file model05.tsv (TSV, C-alpha atoms and all ligand atoms)
chain	number	residue	atom	x	y	z
E	140	MET	CA	0.16	-158.35	64.36
E	141	THR	CA	0.31	-154.56	64.33
E	142	GLY	CA	0.06	-152.92	60.93
E	143	VAL	CA	2.06	-150.06	59.57
E	144	VAL	CA	1.37	-146.44	58.72
E	145	THR	CA	2.88	-145.03	55.53
E	146	LEU	CA	3.10	-141.24	55.47
E	147	VAL	CA	2.85	-140.35	51.78
E	148	GLY	CA	3.41	-137.00	50.09
E	149	ALA	CA	0.81	-136.58	47.35
E	150	GLY	CA	2.68	-133.76	45.60
E	151	PRO	CA	1.17	-130.38	44.74
E	152	GLY	CA	-1.86	-131.53	42.76
E	153	ASP	CA	-1.26	-133.39	39.51
E	154	PRO	CA	-1.39	-137.11	40.46
E	155	ASP	CA	1.42	-137.80	37.96
E	156	LEU	CA	3.69	-136.01	40.45
E	157	ILE	CA	3.17	-138.63	43.18
E	158	THR	CA	6.29	-140.81	43.40
E	159	VAL	CA	6.25	-144.41	42.21
E	160	LYS	CA	6.70	-145.48	45.84
E	161	GLY	CA	3.77	-143.32	46.89
E	162	ARG	CA	1.54	-144.83	44.22
E	163	ARG	CA	2.52	-148.34	45.33
E	164	ALA	CA	1.59	-147.47	48.91
E	165	ILE	CA	-1.85	-146.26	47.75
E	166	GLU	CA	-2.32	-149.45	45.70
E	167	THR	CA	-1.59	-151.69	48.68
E	168	ALA	CA	-3.36	-149.72	51.44
E	169	ASP	CA	-6.24	-151.14	53.46
E	170	VAL	CA	-7.10	-147.68	54.78
E	171	ILE	CA	-6.38	-144.25	53.27
E	172	LEU	CA	-6.77	-141.08	55.33
E	173	HIS	CA	-6.41	-138.19	52.92
E	174	ASP	CA	-6.34	-134.40	53.07
E	175	ARG	CA	-9.15	-132.44	51.42
E	176	LEU	CA	-7.13	-130.99	48.51
E	177	ILE	CA	-5.81	-134.33	47.22
E	178	ASP	CA	-6.65	-134.93	43.56
E	179	LYS	CA	-9.26	-137.71	43.67
E	180	ARG	CA	-7.73	-139.45	40.64
E	181	ALA	CA	-4.98	-140.72	42.96
E	182	LEU	CA	-7.60	-142.44	45.09
E	183	GLY	CA	-8.66	-144.38	41.97
E	184	TRP	CA	-5.45	-146.45	42.42
E	185	ALA	CA	-6.73	-147.82	45.73
E	186	ARG	CA	-8.00	-151.38	46.06
E	187	PRO	CA	-11.76	-151.63	45.61
E	188	ARG	CA	-12.26	-152.61	49.25
E	189	ALA	CA	-9.94	-150.06	50.76
E	190	GLU	CA	-11.48	-147.80	53.37
E	191	ILE	CA	-11.04	-144.22	52.13
E	192	ILE	CA	-11.62	-141.40	54.58
E	193	ASP	CA	-11.53	-137.65	53.78
E	194	VAL	CA	-10.01	-136.06	56.87
E	195	GLY	CA	-9.64	-132.52	55.50
E	196	LYS	CA	-9.42	-129.85	58.15
E	197	ARG	CA	-12.42	-127.55	58.66
E	198	PHE	CA	-11.70	-124.00	59.79
E	199	GLY	CA	-11.73	-123.73	63.60
E	200	LEU	CA	-11.79	-127.50	64.12
E	201	GLU	CA	-8.18	-128.27	63.19
E	202	GLU	CA	-7.09	-129.67	66.55
E	203	GLU	CA	-10.17	-131.89	67.06
E	204	ILE	CA	-9.85	-133.26	63.52
E	205	GLN	CA	-6.11	-133.88	63.96
E	206	THR	CA	-6.79	-135.86	67.15
E	207	SER	CA	-9.47	-137.88	65.41
E	208	ILE	CA	-7.20	-138.60	62.38
E	209	MET	CA	-4.52	-139.95	64.72
E	210	SER	CA	-6.93	-142.14	66.64
E	211	ILE	CA	-8.47	-143.64	63.47
E	212	ALA	CA	-5.00	-144.36	62.04
E	213	ILE	CA	-3.76	-145.90	65.30
E	214	ASP	CA	-6.92	-148.00	65.65
E	215	ARG	CA	-6.65	-149.42	62.10
E	216	ALA	CA	-2.91	-150.06	62.39
E	217	ARG	CA	-3.42	-151.88	65.70
E	218	ARG	CA	-5.92	-154.09	63.91
E	219	GLY	CA	-3.14	-155.09	61.51
E	220	PHE	CA	-4.06	-152.92	58.54
E	221	HIS	CA	-1.77	-151.00	56.21
E	222	VAL	CA	-2.75	-147.36	56.73
E	223	VAL	CA	-1.74	-144.68	54.24
E	224	ARG	CA	-1.79	-141.10	55.50
E	225	LEU	CA	-1.90	-139.11	52.24
E	226	LYS	CA	-0.95	-135.47	52.59
E	227	GLY	CA	-0.54	-132.63	50.09
E	228	GLY	CA	2.89	-131.72	48.78
E	229	ASP	CA	5.54	-133.08	51.13
E	230	PRO	CA	4.22	-134.08	54.57
E	231	PHE	CA	7.30	-132.60	56.22
E	232	VAL	CA	6.94	-129.08	54.80
E	233	PHE	CA	4.30	-127.31	56.92
E	234	GLY	CA	2.45	-130.61	56.99
E	235	ARG	CA	2.76	-131.88	60.57
E	236	GLY	CA	4.61	-134.95	59.22
E	237	ILE	CA	7.04	-135.13	62.13
E	238	GLU	CA	4.31	-134.64	64.77
E	239	GLU	CA	2.24	-137.43	63.23
E	240	TRP	CA	5.28	-139.71	63.03
E	241	GLN	CA	6.06	-139.04	66.71
E	242	THR	CA	2.47	-139.85	67.67
E	243	PHE	CA	2.60	-143.18	65.83
E	244	VAL	CA	5.96	-144.09	67.35
E	245	ALA	CA	4.59	-143.30	70.83
E	246	ALA	CA	1.69	-145.65	70.07
E	247	GLY	CA	4.14	-148.43	69.11
E	248	ILE	CA	3.31	-148.32	65.40
E	249	ASP	CA	5.89	-148.62	62.64
E	250	VAL	CA	6.03	-145.78	60.16
E	251	VAL	CA	7.32	-145.67	56.59
E	252	THR	CA	7.83	-142.24	55.01
E	253	VAL	CA	7.43	-141.43	51.34
E	254	PRO	CA	8.44	-137.83	50.64
E	255	GLY	CA	6.42	-135.83	48.14
E	256	VAL	CA	7.09	-132.95	45.76
E	257	SER	CA	6.43	-129.84	47.81
E	258	SER	CA	4.46	-126.99	46.25
E	259	ALA	CA	7.33	-124.80	47.49
E	260	LEU	CA	9.57	-126.45	44.89
E	261	ALA	CA	7.03	-127.23	42.17
E	262	ALA	CA	5.53	-123.76	41.79
E	263	GLY	CA	8.69	-122.08	40.40
E	264	PRO	CA	9.20	-124.34	37.39
E	265	ILE	CA	5.46	-124.20	36.68
E	266	ALA	CA	5.76	-120.41	36.37
E	267	GLY	CA	9.04	-120.45	34.41
E	268	VAL	CA	11.07	-119.49	37.49
E	269	GLY	CA	14.16	-121.19	38.94
E	270	LEU	CA	14.55	-120.68	42.69
E	271	THR	CA	18.32	-120.56	42.27
E	272	LEU	CA	20.21	-119.08	39.35
E	273	ARG	CA	23.94	-118.88	38.75
E	274	GLY	CA	25.24	-115.40	39.60
E	275	ILE	CA	21.82	-114.25	40.85
E	276	ALA	CA	20.56	-116.49	43.69
E	277	ARG	CA	22.70	-118.95	45.62
E	278	SER	CA	19.91	-119.93	48.00
E	279	PHE	CA	16.21	-119.85	48.67
E	280	THR	CA	14.19	-119.59	51.85
E	281	VAL	CA	10.73	-121.04	52.40
E	282	VAL	CA	8.61	-119.32	55.03
E	283	THR	CA	5.01	-119.48	56.22
E	284	GLY	CA	3.02	-116.29	55.81
E	285	HIS	CA	0.39	-117.50	58.22
E	286	THR	CA	2.11	-116.27	61.34
E	287	ILE	CA	3.15	-112.76	60.27
E	288	THR	CA	1.39	-111.24	63.26
E	289	ASP	CA	3.22	-113.42	65.81
E	290	VAL	CA	5.54	-111.53	68.11
E	291	GLY	CA	9.25	-112.07	67.50
E	292	ILE	CA	9.06	-113.13	63.84
E	293	ALA	CA	12.30	-111.83	62.35
E	294	TRP	CA	11.13	-110.59	58.96
E	295	ASP	CA	14.45	-108.81	58.45
E	296	ARG	CA	16.03	-112.30	58.21
E	297	TYR	CA	13.53	-113.43	55.60
E	298	ALA	CA	13.85	-110.13	53.75
E	299	ALA	CA	17.58	-110.88	53.31
E	300	ALA	CA	16.92	-114.15	51.44
E	301	ASP	CA	18.18	-114.47	47.84
E	302	THR	CA	14.84	-115.93	46.78
E	303	LEU	CA	11.92	-115.96	49.19
E	304	VAL	CA	9.12	-118.51	48.83
E	305	VAL	CA	6.05	-117.81	50.95
E	306	LEU	CA	3.47	-120.52	51.63
E	307	MET	CA	0.11	-119.74	53.25
E	308	GLY	CA	0.76	-116.06	52.51
E	309	VAL	CA	-2.27	-115.04	50.45
E	310	ALA	CA	-4.41	-113.59	53.26
E	311	ASN	CA	-1.52	-111.59	54.74
E	312	ARG	CA	0.10	-110.63	51.43
E	313	GLN	CA	-0.28	-106.89	51.83
E	314	ARG	CA	1.25	-106.84	55.30
E	315	ILE	CA	4.06	-109.19	54.30
E	316	ALA	CA	4.94	-107.09	51.24
E	317	ARG	CA	5.01	-103.92	53.36
E	318	ARG	CA	7.18	-105.62	55.97
E	319	LEU	CA	9.64	-106.84	53.32
E	320	ILE	CA	9.91	-103.34	51.81
E	321	ASP	CA	10.39	-101.83	55.29
E	322	CYS	CA	13.20	-104.35	55.83
E	323	GLY	CA	15.00	-103.18	52.69
E	324	ARG	CA	13.67	-105.25	49.78
E	325	PRO	CA	13.21	-103.07	46.67
E	326	ALA	CA	9.59	-102.02	46.15
E	327	SER	CA	10.10	-102.64	42.43
E	328	GLU	CA	11.13	-106.26	43.00
E	329	PRO	CA	9.20	-108.71	40.82
E	330	VAL	CA	7.05	-111.42	42.39
E	331	VAL	CA	4.81	-114.21	41.15
E	332	PHE	CA	1.95	-116.01	42.82
E	333	VAL	CA	1.26	-119.51	41.50
E	334	GLU	CA	-2.31	-120.51	42.32
E	335	ASN	CA	-3.33	-124.16	42.32
E	336	ALA	CA	0.02	-125.19	40.88
E	337	THR	CA	-0.07	-128.30	38.64
E	338	SER	CA	-3.87	-128.55	38.73
E	339	GLU	CA	-6.35	-127.78	35.96
E	340	THR	CA	-7.10	-124.41	37.54
E	341	GLU	CA	-3.45	-123.36	37.79
E	342	PHE	CA	-2.97	-119.61	37.41
E	343	VAL	CA	0.10	-117.36	37.60
E	344	VAL	CA	-0.12	-113.72	38.75
E	345	ALA	CA	2.95	-111.50	38.18
E	346	ALA	CA	3.40	-108.21	40.04
E	347	THR	CA	5.86	-106.14	42.06
E	348	LEU	CA	6.22	-105.99	45.83
E	349	ALA	CA	4.90	-102.39	45.74
E	350	GLU	CA	1.74	-103.50	43.96
E	351	VAL	CA	1.15	-106.27	46.49
E	352	ALA	CA	1.75	-103.82	49.37
E	353	ALA	CA	-0.78	-101.42	47.83
E	354	GLY	CA	-3.46	-104.11	47.73
E	355	GLU	CA	-3.58	-104.10	43.93
E	356	VAL	CA	-2.98	-107.82	43.38
E	357	GLN	CA	-5.86	-110.27	43.27
E	358	VAL	CA	-4.94	-113.84	44.15
E	359	GLU	CA	-6.72	-116.84	45.63
E	360	SER	CA	-5.47	-119.51	48.01
E	361	PRO	CA	-3.80	-121.95	47.73
E	362	ALA	CA	-0.90	-120.13	46.16
E	363	VAL	CA	2.86	-120.14	46.38
E	364	TRP	CA	4.39	-116.66	46.36
E	365	ILE	CA	7.91	-116.29	44.95
E	366	ILE	CA	9.88	-113.08	45.48
E	367	GLY	CA	13.31	-112.21	44.16
E	368	PRO	CA	15.57	-111.17	41.30
E	369	VAL	CA	15.36	-114.67	39.78
E	370	ILE	CA	11.99	-113.57	38.42
E	371	HIS	CA	13.73	-111.15	36.03
E	372	SER	CA	14.98	-114.31	34.27
E	373	ARG	CA	11.53	-115.90	34.14
E	374	VAL	CA	11.08	-117.97	31.00
E	375	ALA	CA	8.10	-116.81	28.97
E	376	PHE	CA	6.37	-119.82	27.47
E	377	GLU	CA	3.00	-120.93	26.25
E	378	ALA	CA	1.63	-123.66	28.54
Y	1	LIG	C1	-0.32	-126.24	55.05
Y	1	LIG	S1	0.71	-125.81	53.73
Y	1	LIG	C2	1.12	-127.42	53.17
Y	1	LIG	C3	2.29	-127.45	52.22
Y	1	LIG	C4	2.55	-128.82	51.65
Y	1	LIG	N1	2.96	-129.73	52.67
Y	1	LIG	C5	3.60	-128.79	50.56
Y	1	LIG	O1	4.70	-129.31	50.74
Y	1	LIG	O2	3.29	-128.25	49.49
Y	1	LIG	C6	-0.49	-125.26	52.56
Y	1	LIG	C7	0.10	-124.20	51.61
Y	1	LIG	O3	0.89	-124.83	50.61
Y	1	LIG	C8	0.77	-124.12	49.40
Y	1	LIG	N2	0.21	-125.03	48.39
Y	1	LIG	C9	-0.07	-126.32	48.56
Y	1	LIG	N3	-0.48	-126.88	47.39
Y	1	LIG	C10	-0.46	-125.88	46.47
Y	1	LIG	C11	-0.74	-125.80	45.09
Y	1	LIG	N4	-1.14	-126.86	44.38
Y	1	LIG	N5	-0.58	-124.62	44.46
Y	1	LIG	C12	-0.16	-123.54	45.13
Y	1	LIG	N6	0.11	-123.55	46.45
Y	1	LIG	C13	-0.01	-124.70	47.10
Y	1	LIG	C14	-0.11	-122.92	49.66
Y	1	LIG	O4	0.73	-121.83	50.03
Y	1	LIG	C15	-0.93	-123.40	50.83
Y	1	LIG	O5	-1.46	-122.33	51.59

call {"tool": "encode", "arguments": {"input": "model05.tsv", "output": "structure tokens", "more": "lines below"}}
Ligand SMILES: C[S@@+](CC[C@H](N)C(=O)[O-])C[C@H]1O[C@@H](n2cnc3c(N)ncnc32)[C@H](O)[C@@H]1O
result
Amino acid sequence: MTGVVTLVGAGPGDPDLITVKGRRAIETADVILHDRLIDKRALGWARPRAEIIDVGKRFGLEEEIQTSIMSIAIDRARRGFHVVRLKGGDPFVFGRGIEEWQTFVAAGIDVVTVPGVSSALAAGPIAGVGLTLRGIARSFTVVTGHTITDVGIAWDRYAAADTLVVLMGVANRQRIARRLIDCGRPASEPVVFVENATSETEFVVAATLAEVAAGEVQVESPAVWIIGPVIHSRVAFEA
């Protein structure tokens, strides 16, 4: 009998943010294929004999590793095992969740999905910021900062967002900030970067768009970058 693959969102870092359904999937898995940044405490819920494989991507080898992840998962599922594919945040937010699901379906394997808490949503509350706020922001937009150099990216559309949340934007932060200012966002607009949200090394950096554009803001990846007037209403609190 063919097994099943459960695509599980591990949340942004803190294992307490994995859903109850996600934890149950980990507890019942025969095989767990997990991303590199998953908090290892979550793997402690696995059965003692579960096969646990770190399939974190290495720079420059992403496509080869992705192909190998899929073939291991398909092989184990065809042998009747319950395979958990554990991915950071939500697998369907810049996580290739749909592509992996399609690959499993094409291989004749059943898939169960367990959404996770995306870092895009978790980072705001961690930093005292709401992504929406009555009278201030009716919407938010989540964009990747990885592809800023691609031709045809309409930054004027993103610049018009009420609240803009940028993932994978640390390396290109200066260029993105300049582009947003060129597209009409106030240079004085407040921003926060939330590094390693919900982990022990979590760190919040507050600045303005002008400061980011000038290269004056130090920040390390992974970080979620939040831009918009909602930050004026940021709650100051002692963590
Ligand atoms: C490939 S995307 C995956 C996003 C993931 N699927 C999610 O829903 O959070 C990786 C980016 O997510 C963001 N990210 C993921 N986990 C994070 C965390 N704990 N703290 C801050 N940013 C995080 C960073 O912008 C990072 O570059």

call {"tool": "residues_near_ligand", "arguments": {"input": "model05.tsv", "ligand": "ligand LIG 1 (chain Y)", "cutoff": "9 Å", "atoms": "all atoms listed in the file", "output": "ChimeraX atom specification"}}
result
/E:148-153,176,226-236,255-262,283-285,305-309,332-338,341-342,360-364

call {"tool": "write_last_selection", "arguments": {"input": "model05.tsv", "atoms": "C-alpha atoms", "output": "mmCIF file, keeping the file's coordinate frame"}}
result
data_model
loop_
_atom_site.group_PDB
_atom_site.id
_atom_site.type_symbol
_atom_site.label_atom_id
_atom_site.label_comp_id
_atom_site.auth_asym_id
_atom_site.auth_seq_id
_atom_site.Cartn_x
_atom_site.Cartn_y
_atom_site.Cartn_z
ATOM 1 C CA GLY E 148 3.410 -137.000 50.090
ATOM 2 C CA ALA E 149 0.810 -136.580 47.350
ATOM 3 C CA GLY E 150 2.680 -133.760 45.600
ATOM 4 C CA PRO E 151 1.170 -130.380 44.740
ATOM 5 C CA GLY E 152 -1.860 -131.530 42.760
ATOM 6 C CA ASP E 153 -1.260 -133.390 39.510
ATOM 7 C CA LEU E 176 -7.130 -130.990 48.510
ATOM 8 C CA LYS E 226 -0.950 -135.470 52.590
ATOM 9 C CA GLY E 227 -0.540 -132.630 50.090
ATOM 10 C CA GLY E 228 2.890 -131.720 48.780
ATOM 11 C CA ASP E 229 5.540 -133.080 51.130
ATOM 12 C CA PRO E 230 4.220 -134.080 54.570
ATOM 13 C CA PHE E 231 7.300 -132.600 56.220
ATOM 14 C CA VAL E 232 6.940 -129.080 54.800
ATOM 15 C CA PHE E 233 4.300 -127.310 56.920
ATOM 16 C CA GLY E 234 2.450 -130.610 56.990
ATOM 17 C CA ARG E 235 2.760 -131.880 60.570
ATOM 18 C CA GLY E 236 4.610 -134.950 59.220
ATOM 19 C CA GLY E 255 6.420 -135.830 48.140
ATOM 20 C CA VAL E 256 7.090 -132.950 45.760
ATOM 21 C CA SER E 257 6.430 -129.840 47.810
ATOM 22 C CA SER E 258 4.460 -126.990 46.250
ATOM 23 C CA ALA E 259 7.330 -124.800 47.490
ATOM 24 C CA LEU E 260 9.570 -126.450 44.890
ATOM 25 C CA ALA E 261 7.030 -127.230 42.170
ATOM 26 C CA ALA E 262 5.530 -123.760 41.790
ATOM 27 C CA THR E 283 5.010 -119.480 56.220
ATOM 28 C CA GLY E 284 3.020 -116.290 55.810
ATOM 29 C CA HIS E 285 0.390 -117.500 58.220
ATOM 30 C CA VAL E 305 6.050 -117.810 50.950
ATOM 31 C CA LEU E 306 3.470 -120.520 51.630
ATOM 32 C CA MET E 307 0.110 -119.740 53.250
ATOM 33 C CA GLY E 308 0.760 -116.060 52.510
ATOM 34 C CA VAL E 309 -2.270 -115.040 50.450
ATOM 35 C CA PHE E 332 1.950 -116.010 42.820
ATOM 36 C CA VAL E 333 1.260 -119.510 41.500
ATOM 37 C CA GLU E 334 -2.310 -120.510 42.320
ATOM 38 C CA ASN E 335 -3.330 -124.160 42.320
ATOM 39 C CA ALA E 336 0.020 -125.190 40.880
ATOM 40 C CA THR E 337 -0.070 -128.300 38.640
ATOM 41 C CA SER E 338 -3.870 -128.550 38.730
ATOM 42 C CA GLU E 341 -3.450 -123.360 37.790
ATOM 43 C CA PHE E 342 -2.970 -119.610 37.410
ATOM 44 C CA SER E 360 -5.470 -119.510 48.010
ATOM 45 C CA PRO E 361 -3.800 -121.950 47.730
ATOM 46 C CA ALA E 362 -0.900 -120.130 46.160
ATOM 47 C CA VAL E 363 2.860 -120.140 46.380
ATOM 48 C CA TRP E 364 4.390 -116.660 46.360
#

call {"tool": "residues_around", "arguments": {"input": "model05.tsv", "residues": "stretch 311-326 of chain E", "least_positions_apart": "6", "cutoff": "6 Å", "atoms": "only C-alpha atoms", "output": "number ranges by chain"}}
result
E: 295, 298, 348-349, 351-352, 354

call {"tool": "atom_distance", "arguments": {"input": "model05.tsv", "atom1": "atom CA of E:Pro329", "atom2": "atom CA of E:Val369"}}
result
8.6 Å

call {"tool": "atom_distance", "arguments": {"input": "model05.tsv", "atom1": "atom CA of E:Arg296", "atom2": "atom CA of E:Val331"}}
result
20.5 Å

call {"tool": "atom_distance", "arguments": {"input": "model05.tsv", "atom1": "atom CA of E:Ala276", "atom2": "atom CA of E:Gly291"}}
result
26.7 Å

call {"tool": "residues_around", "arguments": {"input": "model05.tsv", "residues": "E:Ala216", "least_positions_apart": "4", "cutoff": "12 Å", "atoms": "only C-alpha atoms", "output": "list in words"}}
result
Met140, Thr141, Gly142, Val143, Val144, Thr145, Ala168, Asp169, Val170, Ile171, Met209, Ser210, Ile211, Ala212, Phe220, His221, Val222, Val223, Arg224, Phe243, Val244, Ala246, Gly247, Ile248, Asp249 and Val250 of chain E

call {"tool": "write_last_selection", "arguments": {"input": "model05.tsv", "atoms": "C-alpha atoms", "output": "short mmCIF file (atom, residue, chain, number, x, y, z; two decimals), keeping the file's coordinate frame"}}
result
data_model
loop_
_atom_site.label_atom_id
_atom_site.label_comp_id
_atom_site.auth_asym_id
_atom_site.auth_seq_id
_atom_site.Cartn_x
_atom_site.Cartn_y
_atom_site.Cartn_z
CA MET E 140 0.16 -158.35 64.36
CA THR E 141 0.31 -154.56 64.33
CA GLY E 142 0.06 -152.92 60.93
CA VAL E 143 2.06 -150.06 59.57
CA VAL E 144 1.37 -146.44 58.72
CA THR E 145 2.88 -145.03 55.53
CA ALA E 168 -3.36 -149.72 51.44
CA ASP E 169 -6.24 -151.14 53.46
CA VAL E 170 -7.10 -147.68 54.78
CA ILE E 171 -6.38 -144.25 53.27
CA MET E 209 -4.52 -139.95 64.72
CA SER E 210 -6.93 -142.14 66.64
CA ILE E 211 -8.47 -143.64 63.47
CA ALA E 212 -5.00 -144.36 62.04
CA PHE E 220 -4.06 -152.92 58.54
CA HIS E 221 -1.77 -151.00 56.21
CA VAL E 222 -2.75 -147.36 56.73
CA VAL E 223 -1.74 -144.68 54.24
CA ARG E 224 -1.79 -141.10 55.50
CA PHE E 243 2.60 -143.18 65.83
CA VAL E 244 5.96 -144.09 67.35
CA ALA E 246 1.69 -145.65 70.07
CA GLY E 247 4.14 -148.43 69.11
CA ILE E 248 3.31 -148.32 65.40
CA ASP E 249 5.89 -148.62 62.64
CA VAL E 250 6.03 -145.78 60.16
#

call {"tool": "residues_near_point", "arguments": {"input": "model05.tsv", "point": "(8.6, -107.8, 39.2)", "cutoff": "7 Å", "atoms": "all atoms listed in the file", "output": "number ranges by chain"}}
result
E: 327-330, 345-347, 370-371

call {"tool": "residues_near_point", "arguments": {"input": "model05.tsv", "point": "(7.5, -140.2, 58.3)", "cutoff": "7 Å", "atoms": "only C-alpha atoms", "output": "PyMOL selection string"}}
result
chain E and resi 146+236-237+240+250-252

call {"tool": "residues_around", "arguments": {"input": "model05.tsv", "residues": "E:Val374", "least_positions_apart": "5", "cutoff": "9 Å", "atoms": "all atoms listed in the file", "output": "PDB file with C-alpha atoms, in the coordinates of the input"}}
result
ATOM      1  CA  ALA E 266       5.760-120.410  36.370  1.00  0.00           C
ATOM      2  CA  GLY E 267       9.040-120.450  34.410  1.00  0.00           C
ATOM      3  CA  VAL E 268      11.070-119.490  37.490  1.00  0.00           C
TER       4      VAL E 268
END

call {"tool": "closest_residue", "arguments": {"input": "model05.tsv", "among": "E:Ala164, E:Leu270, E:Ala245, E:Val358", "to": "E:Ala181", "atoms": "only C-alpha atoms"}}
result
E:Ala164

call {"tool": "residues_around", "arguments": {"input": "model05.tsv", "residues": "E:Val194", "least_positions_apart": "3", "cutoff": "10 Å", "atoms": "all atoms listed in the file", "output": "PyMOL selection string"}}
result
chain E and resi 171-175+191+197+204-205+207-208+224-225

call {"tool": "closest_residue", "arguments": {"input": "model05.tsv", "among": "E:Leu200, E:Ala310, E:Ile165, E:Ala375", "to": "E:Trp184", "atoms": "only C-alpha atoms"}}
result
E:Ile165

call {"tool": "closest_residue", "arguments": {"input": "model05.tsv", "among": "E:Ile366, E:Val356, E:Leu272, E:Val253", "to": "E:Ala299", "atoms": "only C-alpha atoms"}}
result
E:Ile366
